[in-house]
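Shown next: model_23.csv, given as CSV, C-alpha atoms.
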```
chain,number,residue,atom,x,y,z
A,145,MET,CA,10.7,29.1,-50.2
A,146,ASP,CA,12.9,26.4,-51.7
A,147,ILE,CA,12.3,22.9,-50.4
A,148,HIS,CA,15.0,20.2,-50.7
A,149,PRO,CA,13.7,17.0,-49.2
A,150,LYS,CA,16.2,14.3,-48.4
A,151,ILE,CA,13.6,11.6,-49.3
A,152,THR,CA,11.7,11.7,-52.5
A,153,PRO,CA,8.1,12.8,-51.7
A,154,ILE,CA,5.1,10.6,-52.7
A,155,TYR,CA,3.7,11.9,-56.0
A,156,GLN,CA,0.2,10.7,-55.3
A,157,THR,CA,-1.3,11.9,-58.5
A,158,SER,CA,-2.7,10.1,-61.5
A,159,VAL,CA,-2.0,12.9,-64.0
A,160,PHE,CA,0.5,15.8,-64.4
A,161,LYS,CA,-0.3,19.3,-65.7
A,162,PHE,CA,1.1,21.1,-68.8
A,163,GLU,CA,1.3,24.8,-69.4
A,164,ASP,CA,0.4,24.6,-73.1
A,165,LEU,CA,0.7,22.6,-76.3
A,166,ASN,CA,4.4,23.4,-76.6
A,167,GLU,CA,5.1,21.7,-73.3
A,168,LEU,CA,3.0,18.7,-74.3
A,169,GLU,CA,5.1,18.3,-77.5
A,170,LEU,CA,8.3,18.3,-75.3
A,171,TYR,CA,6.9,15.3,-73.5
A,172,PHE,CA,6.9,13.3,-76.7
A,173,SER,CA,10.0,14.8,-78.3
A,174,GLU,CA,12.2,14.5,-75.2
A,175,PRO,CA,11.3,11.2,-73.5
A,176,GLY,CA,12.0,11.3,-69.7
A,177,SER,CA,11.9,15.1,-69.5
A,178,ARG,CA,8.3,15.3,-68.2
A,179,TYR,CA,5.5,13.2,-66.8
A,180,LEU,CA,2.1,12.8,-68.4
A,181,TYR,CA,0.1,10.1,-66.8
A,182,SER,CA,1.1,8.0,-63.8
A,183,ARG,CA,0.7,4.7,-65.7
A,184,ASN,CA,3.3,5.9,-68.2
A,185,GLY,CA,5.7,6.9,-65.5
A,186,ASN,CA,6.0,8.8,-62.2
A,187,PRO,CA,9.0,10.0,-60.1
A,188,ASN,CA,8.5,7.3,-57.5
A,189,SER,CA,8.3,4.3,-59.8
A,190,ASP,CA,11.3,5.7,-61.8
A,191,GLU,CA,13.3,6.0,-58.6
A,192,LEU,CA,12.6,2.4,-57.7
A,193,ALA,CA,13.3,1.1,-61.2
A,194,GLU,CA,16.6,2.9,-61.3
A,195,ALA,CA,17.7,1.6,-57.9
A,196,ILE,CA,16.9,-2.0,-58.8
A,197,ASN,CA,18.6,-1.5,-62.2
A,198,ARG,CA,21.8,-0.4,-60.4
A,199,LEU,CA,21.7,-3.3,-58.0
A,200,GLU,CA,21.4,-5.8,-60.9
A,201,GLY,CA,23.8,-4.0,-63.2
A,202,GLY,CA,21.3,-3.7,-66.0
A,203,ALA,CA,20.7,-1.4,-69.0
A,204,GLY,CA,17.2,-0.4,-67.8
A,205,ALA,CA,14.4,-1.6,-65.7
A,206,MET,CA,10.6,-1.4,-65.2
A,207,VAL,CA,8.6,-1.9,-62.0
A,208,THR,CA,5.3,-3.7,-62.1
A,209,GLY,CA,2.2,-4.2,-60.0
A,210,SER,CA,3.3,-7.7,-58.9
A,211,GLY,CA,5.9,-10.4,-59.5
A,212,MET,CA,3.5,-12.2,-61.8
A,213,ALA,CA,3.3,-9.0,-63.9
A,214,ALA,CA,7.1,-9.0,-64.1
A,215,ILE,CA,7.1,-12.6,-65.4
A,216,PHE,CA,4.4,-11.8,-67.9
A,217,ALA,CA,6.3,-8.7,-69.2
A,218,ALA,CA,9.6,-10.6,-69.4
A,219,ILE,CA,8.1,-13.3,-71.6
A,220,LEU,CA,6.3,-10.9,-73.9
A,221,ALA,CA,9.5,-8.9,-74.4
A,222,TYR,CA,10.8,-11.8,-76.5
A,223,CYS,CA,7.7,-13.9,-77.5
A,224,GLN,CA,4.7,-13.6,-79.8
A,225,ALA,CA,2.0,-16.0,-80.9
A,226,GLY,CA,3.4,-19.3,-82.1
A,227,ASP,CA,6.6,-19.1,-80.1
A,228,HIS,CA,7.8,-21.7,-77.7
A,229,VAL,CA,9.3,-21.2,-74.2
A,230,LEU,CA,11.4,-23.5,-72.0
A,231,CYS,CA,10.8,-23.4,-68.3
A,232,ALA,CA,12.5,-25.1,-65.3
A,233,ALA,CA,10.3,-27.9,-64.1
A,234,ASP,CA,11.2,-27.0,-60.5
A,235,ILE,CA,9.7,-23.5,-60.4
A,236,TYR,CA,7.1,-21.3,-58.6
A,237,GLY,CA,3.7,-22.7,-59.2
A,238,GLY,CA,2.3,-19.3,-60.3
A,239,SER,CA,4.9,-19.1,-63.1
A,240,SER,CA,3.7,-22.5,-64.5
A,241,THR,CA,0.1,-21.5,-64.1
A,242,LEU,CA,0.7,-18.3,-66.1
A,243,LEU,CA,2.4,-20.3,-68.9
A,244,ASN,CA,-0.1,-23.2,-68.9
A,245,THR,CA,-3.4,-21.3,-68.7
A,246,GLU,CA,-2.9,-17.8,-69.9
A,247,LEU,CA,0.0,-17.6,-72.3
A,248,SER,CA,-1.2,-20.8,-74.0
A,249,ARG,CA,-4.3,-18.7,-74.9
A,250,MET,CA,-1.9,-16.4,-76.8
A,251,ALA,CA,-0.5,-19.4,-78.6
A,252,ILE,CA,2.8,-19.4,-76.7
A,253,SER,CA,3.7,-23.0,-75.8
A,254,VAL,CA,5.9,-24.3,-73.0
A,255,THR,CA,8.1,-27.3,-72.3
A,256,TYR,CA,9.3,-28.0,-68.8
A,257,VAL,CA,13.0,-29.0,-68.4
A,258,PRO,CA,14.1,-31.1,-65.4
A,259,PHE,CA,16.8,-29.7,-63.3
A,260,GLU,CA,19.2,-32.5,-64.3
A,261,GLN,CA,18.9,-31.6,-68.0
A,262,PHE,CA,19.5,-27.8,-67.8
A,263,TYR,CA,22.8,-27.9,-69.5
A,264,ASP,CA,21.9,-30.1,-72.4
A,265,LEU,CA,18.9,-28.4,-74.1
A,266,GLN,CA,19.2,-29.8,-77.5
A,267,GLN,CA,16.3,-32.3,-77.2
A,268,PHE,CA,14.0,-29.5,-76.0
A,269,VAL,CA,14.8,-26.8,-78.5
A,270,ARG,CA,12.5,-26.1,-81.4
A,271,PRO,CA,12.8,-23.6,-84.3
A,272,THR,CA,10.3,-21.4,-82.5
A,273,THR,CA,11.9,-21.6,-79.0
A,274,ARG,CA,12.8,-18.1,-77.8
A,275,LEU,CA,13.8,-18.2,-74.2
A,276,MET,CA,14.3,-20.3,-71.0
A,277,LEU,CA,12.8,-19.2,-67.6
A,278,VAL,CA,14.6,-20.4,-64.4
A,279,GLU,CA,15.0,-19.3,-60.8
A,280,THR,CA,18.4,-18.6,-59.2
A,281,MET,CA,17.3,-20.7,-56.3
A,282,SER,CA,14.2,-22.8,-57.0
A,283,ASN,CA,10.9,-22.6,-55.1
A,284,PRO,CA,10.5,-24.5,-52.9
A,285,LEU,CA,13.4,-27.0,-53.0
A,286,LEU,CA,16.2,-24.5,-53.2
A,287,ARG,CA,18.0,-26.1,-56.1
A,288,VAL,CA,20.7,-23.7,-57.4
A,289,ALA,CA,21.1,-23.1,-61.1
A,290,ASN,CA,24.6,-22.6,-62.6
A,291,LEU,CA,23.7,-19.4,-64.4
A,292,GLY,CA,27.0,-19.0,-66.2
A,293,ARG,CA,26.9,-22.5,-67.6
A,294,LEU,CA,23.2,-22.2,-68.4
A,295,SER,CA,23.5,-18.9,-70.2
A,296,GLU,CA,26.2,-20.4,-72.4
A,297,GLU,CA,23.9,-23.3,-73.2
A,298,CYS,CA,21.0,-21.0,-74.0
A,299,HIS,CA,23.0,-18.6,-76.2
A,300,PHE,CA,24.5,-21.6,-78.0
A,301,HIS,CA,21.0,-22.5,-79.1
A,302,GLY,CA,20.0,-18.9,-79.8
A,303,LEU,CA,17.8,-18.6,-76.7
A,304,LYS,CA,17.4,-15.8,-74.2
A,305,LEU,CA,17.9,-16.6,-70.5
A,306,VAL,CA,15.3,-15.1,-68.1
A,307,VAL,CA,16.1,-15.5,-64.4
A,308,ASP,CA,13.8,-15.0,-61.5
A,309,ASN,CA,16.2,-13.8,-58.8
A,310,THR,CA,13.6,-13.3,-56.0
A,311,PHE,CA,15.0,-15.8,-53.5
A,312,ALA,CA,18.7,-14.9,-54.0
A,313,THR,CA,18.4,-11.1,-54.5
A,314,PRO,CA,21.3,-9.1,-56.1
A,315,VAL,CA,23.0,-9.2,-52.7
A,316,LEU,CA,23.8,-12.9,-53.3
A,317,THR,CA,23.7,-13.2,-57.1
A,318,GLN,CA,23.6,-10.8,-60.1
A,319,PRO,CA,22.4,-13.0,-63.0
A,320,LEU,CA,23.1,-10.4,-65.7
A,321,ALA,CA,26.8,-10.5,-64.8
A,322,LEU,CA,26.7,-14.3,-65.4
A,323,GLY,CA,25.2,-14.0,-68.8
A,324,ALA,CA,21.4,-13.7,-68.3
A,325,ASP,CA,19.4,-11.5,-70.6
A,326,ILE,CA,16.6,-10.5,-68.2
A,327,VAL,CA,16.4,-10.7,-64.4
A,328,LEU,CA,13.1,-10.3,-62.6
A,329,HIS,CA,11.9,-10.0,-59.0
A,330,SER,CA,8.8,-10.2,-56.9
A,331,VAL,CA,9.6,-7.0,-55.1
A,332,THR,CA,6.9,-8.0,-52.7
A,333,LYS,CA,9.5,-10.3,-51.1
A,334,TYR,CA,13.1,-9.4,-50.1
A,335,LEU,CA,13.6,-6.1,-52.1
A,336,SER,CA,10.7,-4.5,-50.2
A,337,GLY,CA,11.1,-6.7,-47.2
A,338,HIS,CA,8.3,-5.6,-44.9
A,339,SER,CA,5.2,-7.5,-46.1
A,340,ASP,CA,3.4,-4.3,-46.9
A,341,VAL,CA,4.0,-4.0,-50.7
A,342,THR,CA,2.9,-5.9,-53.7
A,343,ALA,CA,5.2,-5.2,-56.7
A,344,GLY,CA,7.6,-6.7,-59.2
A,345,ALA,CA,10.6,-5.6,-61.3
A,346,VAL,CA,12.1,-6.6,-64.6
A,347,VAL,CA,15.7,-5.6,-65.5
A,348,ALA,CA,17.2,-6.0,-69.0
A,349,ALA,CA,20.8,-6.4,-70.1
A,350,ASP,CA,20.0,-4.6,-73.4
A,351,GLU,CA,18.7,-1.1,-73.7
A,352,SER,CA,16.3,-2.0,-76.6
A,353,ILE,CA,14.7,-4.7,-74.5
A,354,ALA,CA,14.5,-2.3,-71.5
A,355,ALA,CA,12.6,0.1,-73.8
A,356,ARG,CA,10.3,-2.8,-75.0
A,357,LEU,CA,9.6,-3.7,-71.4
A,358,LYS,CA,8.4,-0.2,-70.6
A,359,GLN,CA,6.2,-0.2,-73.6
A,360,ILE,CA,4.6,-3.5,-72.5
A,361,GLY,CA,4.1,-2.2,-69.0
A,362,ILE,CA,2.3,0.9,-70.3
A,363,VAL,CA,0.1,-0.8,-72.9
A,364,TYR,CA,-0.9,-3.7,-70.7
A,365,GLY,CA,-1.2,-1.5,-67.6
A,366,LEU,CA,1.4,-3.5,-65.6
A,367,THR,CA,3.1,-0.5,-64.0
A,368,LEU,CA,3.4,0.3,-60.3
A,369,SER,CA,1.6,3.0,-58.3
A,370,PRO,CA,3.5,5.9,-56.6
A,371,MET,CA,2.7,4.8,-53.1
A,372,GLU,CA,3.8,1.2,-53.6
A,373,SER,CA,6.9,2.5,-55.3
A,374,TRP,CA,7.8,4.8,-52.4
A,375,LEU,CA,7.3,2.0,-49.9
A,376,ALA,CA,9.5,-0.3,-51.9
A,377,VAL,CA,12.3,2.3,-52.2
A,378,ARG,CA,12.2,2.7,-48.4
A,379,GLY,CA,12.6,-1.0,-47.9
A,380,LEU,CA,15.3,-1.3,-50.5
A,381,LYS,CA,17.6,0.9,-48.5
A,382,THR,CA,18.1,-1.8,-45.9
A,383,LEU,CA,18.3,-4.7,-48.3
A,384,ARG,CA,22.0,-5.6,-47.7
A,385,LEU,CA,21.6,-5.5,-44.0
A,386,ARG,CA,18.5,-7.5,-44.0
A,387,VAL,CA,19.8,-10.2,-46.4
A,388,ARG,CA,22.9,-10.7,-44.3
A,389,GLU,CA,20.8,-11.2,-41.1
A,390,HIS,CA,18.3,-13.4,-42.9
A,391,SER,CA,21.3,-15.5,-44.1
A,392,ARG,CA,23.0,-15.6,-40.7
A,393,ASN,CA,19.9,-16.8,-38.9
A,394,ALA,CA,19.0,-19.3,-41.7
A,395,LEU,CA,22.3,-21.0,-41.7
A,396,ALA,CA,22.3,-21.5,-37.9
A,397,ILE,CA,18.7,-22.8,-38.0
A,398,ALA,CA,19.5,-25.1,-41.0
A,399,ASN,CA,22.4,-26.7,-39.1
A,400,PHE,CA,20.1,-27.2,-36.1
A,401,LEU,CA,17.2,-28.7,-38.1
A,402,ALA,CA,19.6,-31.0,-40.0
A,403,ASP,CA,20.2,-32.9,-36.8
A,404,HIS,CA,16.6,-33.0,-35.5
A,405,SER,CA,14.9,-36.3,-35.5
A,406,ALA,CA,11.6,-34.9,-36.6
A,407,VAL,CA,13.1,-33.5,-39.8
A,408,ARG,CA,13.5,-36.1,-42.5
A,409,GLU,CA,15.1,-33.8,-45.0
A,410,ILE,CA,16.2,-30.2,-45.2
A,411,TYR,CA,16.8,-28.2,-48.3
A,412,TYR,CA,19.1,-25.3,-47.8
A,413,PRO,CA,22.1,-24.5,-50.0
A,414,GLY,CA,24.2,-23.3,-47.1
A,415,LEU,CA,24.6,-26.8,-45.8
A,416,VAL,CA,27.6,-28.7,-47.0
A,417,GLN,CA,25.5,-31.7,-47.8
A,418,HIS,CA,23.4,-29.7,-50.3
A,419,PRO,CA,24.0,-31.0,-53.8
A,420,GLN,CA,24.8,-27.5,-55.1
A,421,HIS,CA,26.6,-26.2,-52.0
A,422,GLU,CA,29.9,-25.3,-53.7
A,423,LEU,CA,28.0,-23.6,-56.6
A,424,ALA,CA,25.9,-21.6,-54.0
A,425,VAL,CA,29.2,-20.5,-52.3
A,426,ALA,CA,30.6,-19.3,-55.7
A,427,GLN,CA,27.4,-17.5,-56.8
A,428,GLY,CA,26.4,-16.2,-53.4
A,429,GLY,CA,29.6,-14.9,-52.1
A,430,GLY,CA,29.3,-16.9,-48.9
A,431,LEU,CA,25.6,-16.0,-48.2
A,432,PHE,CA,22.8,-18.4,-48.9
A,433,GLY,CA,19.6,-16.4,-48.2
A,434,GLY,CA,16.8,-16.9,-45.7
A,435,MET,CA,14.7,-19.5,-47.5
A,436,MET,CA,14.6,-23.2,-46.7
A,437,SER,CA,12.3,-26.2,-46.9
A,438,ILE,CA,12.0,-29.1,-44.5
A,439,LEU,CA,10.4,-32.5,-44.9
A,440,LEU,CA,8.4,-33.7,-41.9
A,441,ALA,CA,6.4,-37.0,-41.8
A,442,ASP,CA,4.1,-37.3,-44.7
A,443,ASP,CA,1.1,-36.9,-42.5
A,444,ALA,CA,-1.2,-33.8,-42.6
A,445,GLU,CA,-1.9,-33.9,-38.9
A,446,VAL,CA,1.9,-33.8,-38.1
A,447,VAL,CA,2.2,-30.7,-40.3
A,448,ASN,CA,-0.9,-29.2,-38.7
A,449,THR,CA,0.5,-29.8,-35.2
A,450,PHE,CA,3.8,-28.2,-36.1
A,451,MET,CA,2.0,-25.2,-37.6
A,452,ARG,CA,-0.2,-24.7,-34.6
A,453,ARG,CA,2.6,-24.9,-32.1
A,454,THR,CA,4.9,-22.3,-33.7
A,455,LYS,CA,4.7,-18.8,-32.2
A,456,TYR,CA,7.1,-16.9,-34.5
A,457,PHE,CA,6.3,-18.7,-37.7
A,458,PRO,CA,2.8,-17.8,-38.8
A,459,PHE,CA,1.3,-19.7,-41.7
A,460,ALA,CA,1.2,-17.2,-44.5
A,461,PRO,CA,1.4,-17.8,-48.3
A,462,SER,CA,4.3,-15.5,-49.0
A,463,LEU,CA,7.9,-15.0,-47.8
A,464,ALA,CA,10.9,-12.8,-47.2
A,465,GLY,CA,9.5,-10.3,-44.8
A,466,VAL,CA,11.6,-9.2,-41.7
A,467,ASP,CA,9.3,-11.4,-39.7
A,468,SER,CA,9.6,-15.2,-40.0
A,469,SER,CA,6.8,-17.2,-41.6
A,470,LEU,CA,6.1,-20.7,-43.0
A,471,SER,CA,4.2,-21.9,-46.0
A,472,TYR,CA,2.8,-25.1,-47.4
A,473,PRO,CA,3.7,-25.6,-51.1
A,474,LEU,CA,1.4,-28.5,-51.7
A,475,GLY,CA,-1.7,-26.4,-50.7
A,476,THR,CA,-0.6,-23.0,-51.9
A,477,SER,CA,2.1,-22.1,-54.4
A,478,HIS,CA,2.0,-25.5,-56.2
A,479,ARG,CA,-1.6,-26.4,-55.7
A,480,ALA,CA,-2.5,-26.1,-59.4
A,481,LEU,CA,0.0,-28.9,-60.4
A,482,THR,CA,-1.3,-32.4,-60.9
A,483,SER,CA,-0.6,-35.0,-58.2
A,484,GLU,CA,1.9,-36.7,-60.4
A,485,GLN,CA,3.8,-33.4,-61.1
A,486,GLN,CA,3.8,-32.6,-57.3
A,487,GLN,CA,5.3,-36.0,-56.5
A,488,ASN,CA,7.9,-35.8,-59.3
A,489,LEU,CA,9.1,-32.5,-57.9
A,490,GLY,CA,9.2,-33.7,-54.3
A,491,ILE,CA,6.3,-31.5,-53.2
A,492,THR,CA,4.6,-33.9,-50.8
A,493,THR,CA,2.4,-33.8,-47.7
A,494,GLY,CA,5.2,-33.3,-45.3
A,495,LEU,CA,7.0,-30.5,-47.1
A,496,VAL,CA,7.0,-27.1,-45.3
A,497,ARG,CA,8.8,-24.0,-46.5
A,498,LEU,CA,10.3,-21.7,-43.9
A,499,SER,CA,11.1,-18.0,-44.4
A,500,ILE,CA,13.6,-17.1,-41.8
A,501,GLY,CA,13.3,-13.5,-40.5
A,502,ILE,CA,15.7,-11.2,-38.7
A,503,GLU,CA,14.3,-11.7,-35.2
A,504,PRO,CA,16.7,-12.7,-32.4
A,505,LEU,CA,18.1,-16.1,-33.4
A,506,GLU,CA,17.7,-17.7,-30.0
A,507,GLU,CA,13.9,-16.9,-30.1
A,508,LEU,CA,13.5,-18.6,-33.5
A,509,MET,CA,15.6,-21.6,-32.5
A,510,ALA,CA,13.6,-22.1,-29.3
A,511,ASP,CA,10.3,-21.8,-31.1
A,512,LEU,CA,11.2,-24.4,-33.7
A,513,ALA,CA,12.6,-26.7,-31.1
A,514,GLN,CA,9.4,-26.7,-29.0
A,515,ALA,CA,7.2,-27.0,-32.1
A,516,LEU,CA,9.1,-30.0,-33.4
A,517,ASP,CA,9.5,-31.7,-30.0
```
What would you get if you wrote out this structure as structure tokens?
Amino acid sequence: MDIHPKITPIYQTSVFKFEDLNELELYFSEPGSRYLYSRNGNPNSDELAEAINRLEGGAGAMVTGSGMAAIFAAILAYCQAGDHVLCAADIYGGSSTLLNTELSRMAISVTYVPFEQFYDLQQFVRPTTRLMLVETMSNPLLRVANLGRLSEECHFHGLKLVVDNTFATPVLTQPLALGADIVLHSVTKYLSGHSDVTAGAVVAADESIAARLKQIGIVYGLTLSPMESWLAVRGLKTLRLRVREHSRNALAIANFLADHSAVREIYYPGLVQHPQHELAVAQGGGLFGGMMSILLADDAEVVNTFMRRTKYFPFAPSLAGVDSSLSYPLGTSHRALTSEQQQNLGITTGLVRLSIGIEPLEELMADLAQALD
């Protein structure tokens, strides 16, 4: 009986069988024609990688066991011992921890570049500098990088541009089309979208780098399991619909919070008063995503009261699920930074990050209103 499933089945196996030695040799002589071992590749992870690669317009992609694994693979694709990396100062705390504590053990050094100096890198570049790592929209203050301008500056100095596109997603921005060399994602967030998967993805603009990424994934064991891949593919199918609804809800909530007396500052690129609003319009096609941060009074008890009072915004150290949530950068994502670094970046006691979900807007608005009031 022939079976033709509409949805790719879950290939929940660690190994694949061969008939004889001839078939084994075909695996090595005709890459991609057969599967050997699930760490090296499986139908589910290949399907996910190909789907994300299409969305980002790349030459090839690899999916990983987490977003952190994706960042690690992207840096190793270009760097070896003795090399130097530039990194945006305003970036996810896990990225800086990886660079500071682990890649430094591999003799890869890092210099952090303030947002205001992105487009004049001369003073930061060394003979050993290989790449610059940035986010399309920074975590947690939602600063928007001009990727076209930044890619020109990087390439002028012979650097590769690696962009974490997790907050924006390819629905808003496609960094490769703006000159980036690698784009990466924490698939755990918007691409999967349902808070039930931990995964990452790396997409390259060049086929040789895509092949190098796959080699790194196999050798270091960074690749993704069949089950996680299958779940992420399922979530990816509604990405465009979800991002539009996240964005619609977030823009309405941002306008409401901007006028609330309890909110001292709001960081959301969809607001006209945001410093990079016009750039966000140009790079995002009129959508601004579902992430924002708000500044309450710099008093831990004020923040605690707000957290306790919310009903639809549970305190959870992640983001971008269909359900709304909130997080606290000072105590979670950027906890490893020094107090001076936190203050310099504006990550203070009163800063709360909101991930706006796709629930009915009126419910979210009413919940935030009563929690703040």
Ala480 in chain A: which residues within 12 Å, counting all atoms listed in the file, same-chain residues fewer than 4 positions away excluded, as an MDAnalysis selection string? chainID A and resid 236:242 244:245 473:476 484:486
Show me a table, sorted first by chain and then by increasing residue number, of the residues of range 260-353 of chain A having an atom at most 10 Å from range 401-421 of chain A, each with its shortest atom pair and the distance in Å to one decimal, counting all atoms listed in the file and written as a tab-separated table.
```
residue	atom	partner	partner_atom	distance
A:Met281	CA	A:Pro413	CA	8.8
A:Pro284	CA	A:Tyr411	CA	8.6
A:Leu285	CA	A:Tyr411	CA	5.9
A:Leu286	CA	A:Tyr411	CA	6.2
A:Arg287	CA	A:Gln420	CA	7.0
A:Val288	CA	A:Gln420	CA	6.0
A:Ala289	CA	A:Gln420	CA	8.3
A:Asn290	CA	A:Gln420	CA	9.0
```
Atomic distance CA of Gln318 in chain A - CA of Leu380 in chain A, expressed in Å with one decimal: 15.9 Å
So which residues touch Leu505 in chain A within 10 Å, counting only C-alpha atoms, skipping near sequence neighbours fewer than 4 positions away, as a ChimeraX atom specification? /A:389-390,392-394,396-397,500-501,509-511
Put those residues in a file: C-alpha atoms, as a PDB file, in the coordinates of the input.
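Output contents, as saved in out21.pdb:
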```
ATOM      1  CA  GLU A 389      20.800 -11.200 -41.100  1.00  0.00           C
ATOM      2  CA  HIS A 390      18.300 -13.400 -42.900  1.00  0.00           C
ATOM      3  CA  ARG A 392      23.000 -15.600 -40.700  1.00  0.00           C
ATOM      4  CA  ASN A 393      19.900 -16.800 -38.900  1.00  0.00           C
ATOM      5  CA  ALA A 394      19.000 -19.300 -41.700  1.00  0.00           C
ATOM      6  CA  ALA A 396      22.300 -21.500 -37.900  1.00  0.00           C
ATOM      7  CA  ILE A 397      18.700 -22.800 -38.000  1.00  0.00           C
ATOM      8  CA  ILE A 500      13.600 -17.100 -41.800  1.00  0.00           C
ATOM      9  CA  GLY A 501      13.300 -13.500 -40.500  1.00  0.00           C
ATOM     10  CA  MET A 509      15.600 -21.600 -32.500  1.00  0.00           C
ATOM     11  CA  ALA A 510      13.600 -22.100 -29.300  1.00  0.00           C
ATOM     12  CA  ASP A 511      10.300 -21.800 -31.100  1.00  0.00           C
TER      13      ASP A 511
END
```
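Of the residues under consideration (A:Val446, A:Ile154, A:Leu439, A:Ile362), A:Leu439 shows the shortest atom-to-atom contact distance to Thr492 in chain A when counting all atoms listed in the file.
Taking CA of Glu296 in chain A as the reference point, CA of Met206 in chain A is found at 25.6 Å.
We find CA of Ser469 in chain A and CA of Met436 in chain A to be spaced 11.1 Å apart.
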Restricting to all atoms listed in the file, whichever of A:Leu481, A:Leu516, A:Ala195, A:Asp467 is closest to Asn448 in chain A is A:Leu516
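Using only C-alpha atoms, the smallest distance between any of A:Gly323, A:Gly490, A:Gly433, A:Pro149 and His299 in chain A comes from A:Gly323.
The shortest atom-to-atom distance to Lys381 in chain A, with all atoms listed in the file taken into account, belongs to A:His338 out of A:His338, A:Arg183, A:Arg356, A:His148.
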Polymer residues at most 7 Å from Tyr181 in chain A, only C-alpha atoms, same-chain spacing of 5 or more positions, as a PyMOL selection string: chain A and resi 158-160
Reconstruct all heavy atoms of range 504-509 of chain A; output as a PDB file, keeping the file's coordinate frame.
```
ATOM      1  N   PRO A 504      15.600 -12.110 -33.159  1.00  0.00           N
ATOM      2  CA  PRO A 504      16.700 -12.700 -32.400  1.00  0.00           C
ATOM      3  C   PRO A 504      16.779 -14.215 -32.672  1.00  0.00           C
ATOM      4  O   PRO A 504      15.782 -14.935 -32.551  1.00  0.00           O
ATOM      5  CB  PRO A 504      16.376 -12.398 -30.959  1.00  0.00           C
ATOM      6  CG  PRO A 504      15.572 -11.144 -31.031  1.00  0.00           C
ATOM      7  CD  PRO A 504      14.763 -11.258 -32.282  1.00  0.00           C
ATOM      8  N   LEU A 505      17.944 -14.705 -33.026  1.00  0.00           N
ATOM      9  CA  LEU A 505      18.100 -16.100 -33.400  1.00  0.00           C
ATOM     10  C   LEU A 505      17.668 -17.053 -32.314  1.00  0.00           C
ATOM     11  O   LEU A 505      17.015 -18.075 -32.593  1.00  0.00           O
ATOM     12  CB  LEU A 505      19.589 -16.356 -33.766  1.00  0.00           C
ATOM     13  CG  LEU A 505      19.966 -17.792 -34.112  1.00  0.00           C
ATOM     14  CD1 LEU A 505      19.180 -18.293 -35.307  1.00  0.00           C
ATOM     15  CD2 LEU A 505      21.471 -17.892 -34.354  1.00  0.00           C
ATOM     16  N   GLU A 506      18.010 -16.731 -31.069  1.00  0.00           N
ATOM     17  CA  GLU A 506      17.700 -17.700 -30.000  1.00  0.00           C
ATOM     18  C   GLU A 506      16.161 -17.839 -29.852  1.00  0.00           C
ATOM     19  O   GLU A 506      15.682 -18.917 -29.488  1.00  0.00           O
ATOM     20  CB  GLU A 506      18.278 -17.184 -28.655  1.00  0.00           C
ATOM     21  CG  GLU A 506      17.840 -15.805 -28.189  1.00  0.00           C
ATOM     22  CD  GLU A 506      18.695 -14.672 -28.762  1.00  0.00           C
ATOM     23  OE1 GLU A 506      19.450 -14.921 -29.724  1.00  0.00           O
ATOM     24  OE2 GLU A 506      18.586 -13.545 -28.233  1.00  0.00           O
ATOM     25  N   GLU A 507      15.380 -16.802 -30.157  1.00  0.00           N
ATOM     26  CA  GLU A 507      13.900 -16.900 -30.100  1.00  0.00           C
ATOM     27  C   GLU A 507      13.405 -17.858 -31.175  1.00  0.00           C
ATOM     28  O   GLU A 507      12.518 -18.688 -30.933  1.00  0.00           O
ATOM     29  CB  GLU A 507      13.273 -15.541 -30.237  1.00  0.00           C
ATOM     30  CG  GLU A 507      13.523 -14.613 -29.061  1.00  0.00           C
ATOM     31  CD  GLU A 507      12.818 -13.278 -29.221  1.00  0.00           C
ATOM     32  OE1 GLU A 507      12.116 -13.087 -30.245  1.00  0.00           O
ATOM     33  OE2 GLU A 507      12.968 -12.419 -28.326  1.00  0.00           O
ATOM     34  N   LEU A 508      13.944 -17.726 -32.374  1.00  0.00           N
ATOM     35  CA  LEU A 508      13.500 -18.600 -33.500  1.00  0.00           C
ATOM     36  C   LEU A 508      13.900 -20.033 -33.232  1.00  0.00           C
ATOM     37  O   LEU A 508      13.105 -20.951 -33.483  1.00  0.00           O
ATOM     38  CB  LEU A 508      14.129 -18.087 -34.790  1.00  0.00           C
ATOM     39  CG  LEU A 508      13.765 -16.664 -35.232  1.00  0.00           C
ATOM     40  CD1 LEU A 508      14.476 -16.302 -36.536  1.00  0.00           C
ATOM     41  CD2 LEU A 508      12.254 -16.514 -35.395  1.00  0.00           C
ATOM     42  N   MET A 509      15.108 -20.254 -32.739  1.00  0.00           N
ATOM     43  CA  MET A 509      15.600 -21.600 -32.500  1.00  0.00           C
ATOM     44  C   MET A 509      14.720 -22.284 -31.408  1.00  0.00           C
ATOM     45  O   MET A 509      14.305 -23.450 -31.551  1.00  0.00           O
ATOM     46  CB  MET A 509      17.040 -21.571 -32.018  1.00  0.00           C
ATOM     47  CG  MET A 509      17.998 -21.061 -33.071  1.00  0.00           C
ATOM     48  SD  MET A 509      18.638 -22.351 -34.148  1.00  0.00           S
ATOM     49  CE  MET A 509      19.964 -22.969 -33.148  1.00  0.00           C
TER      50      MET A 509
END
```
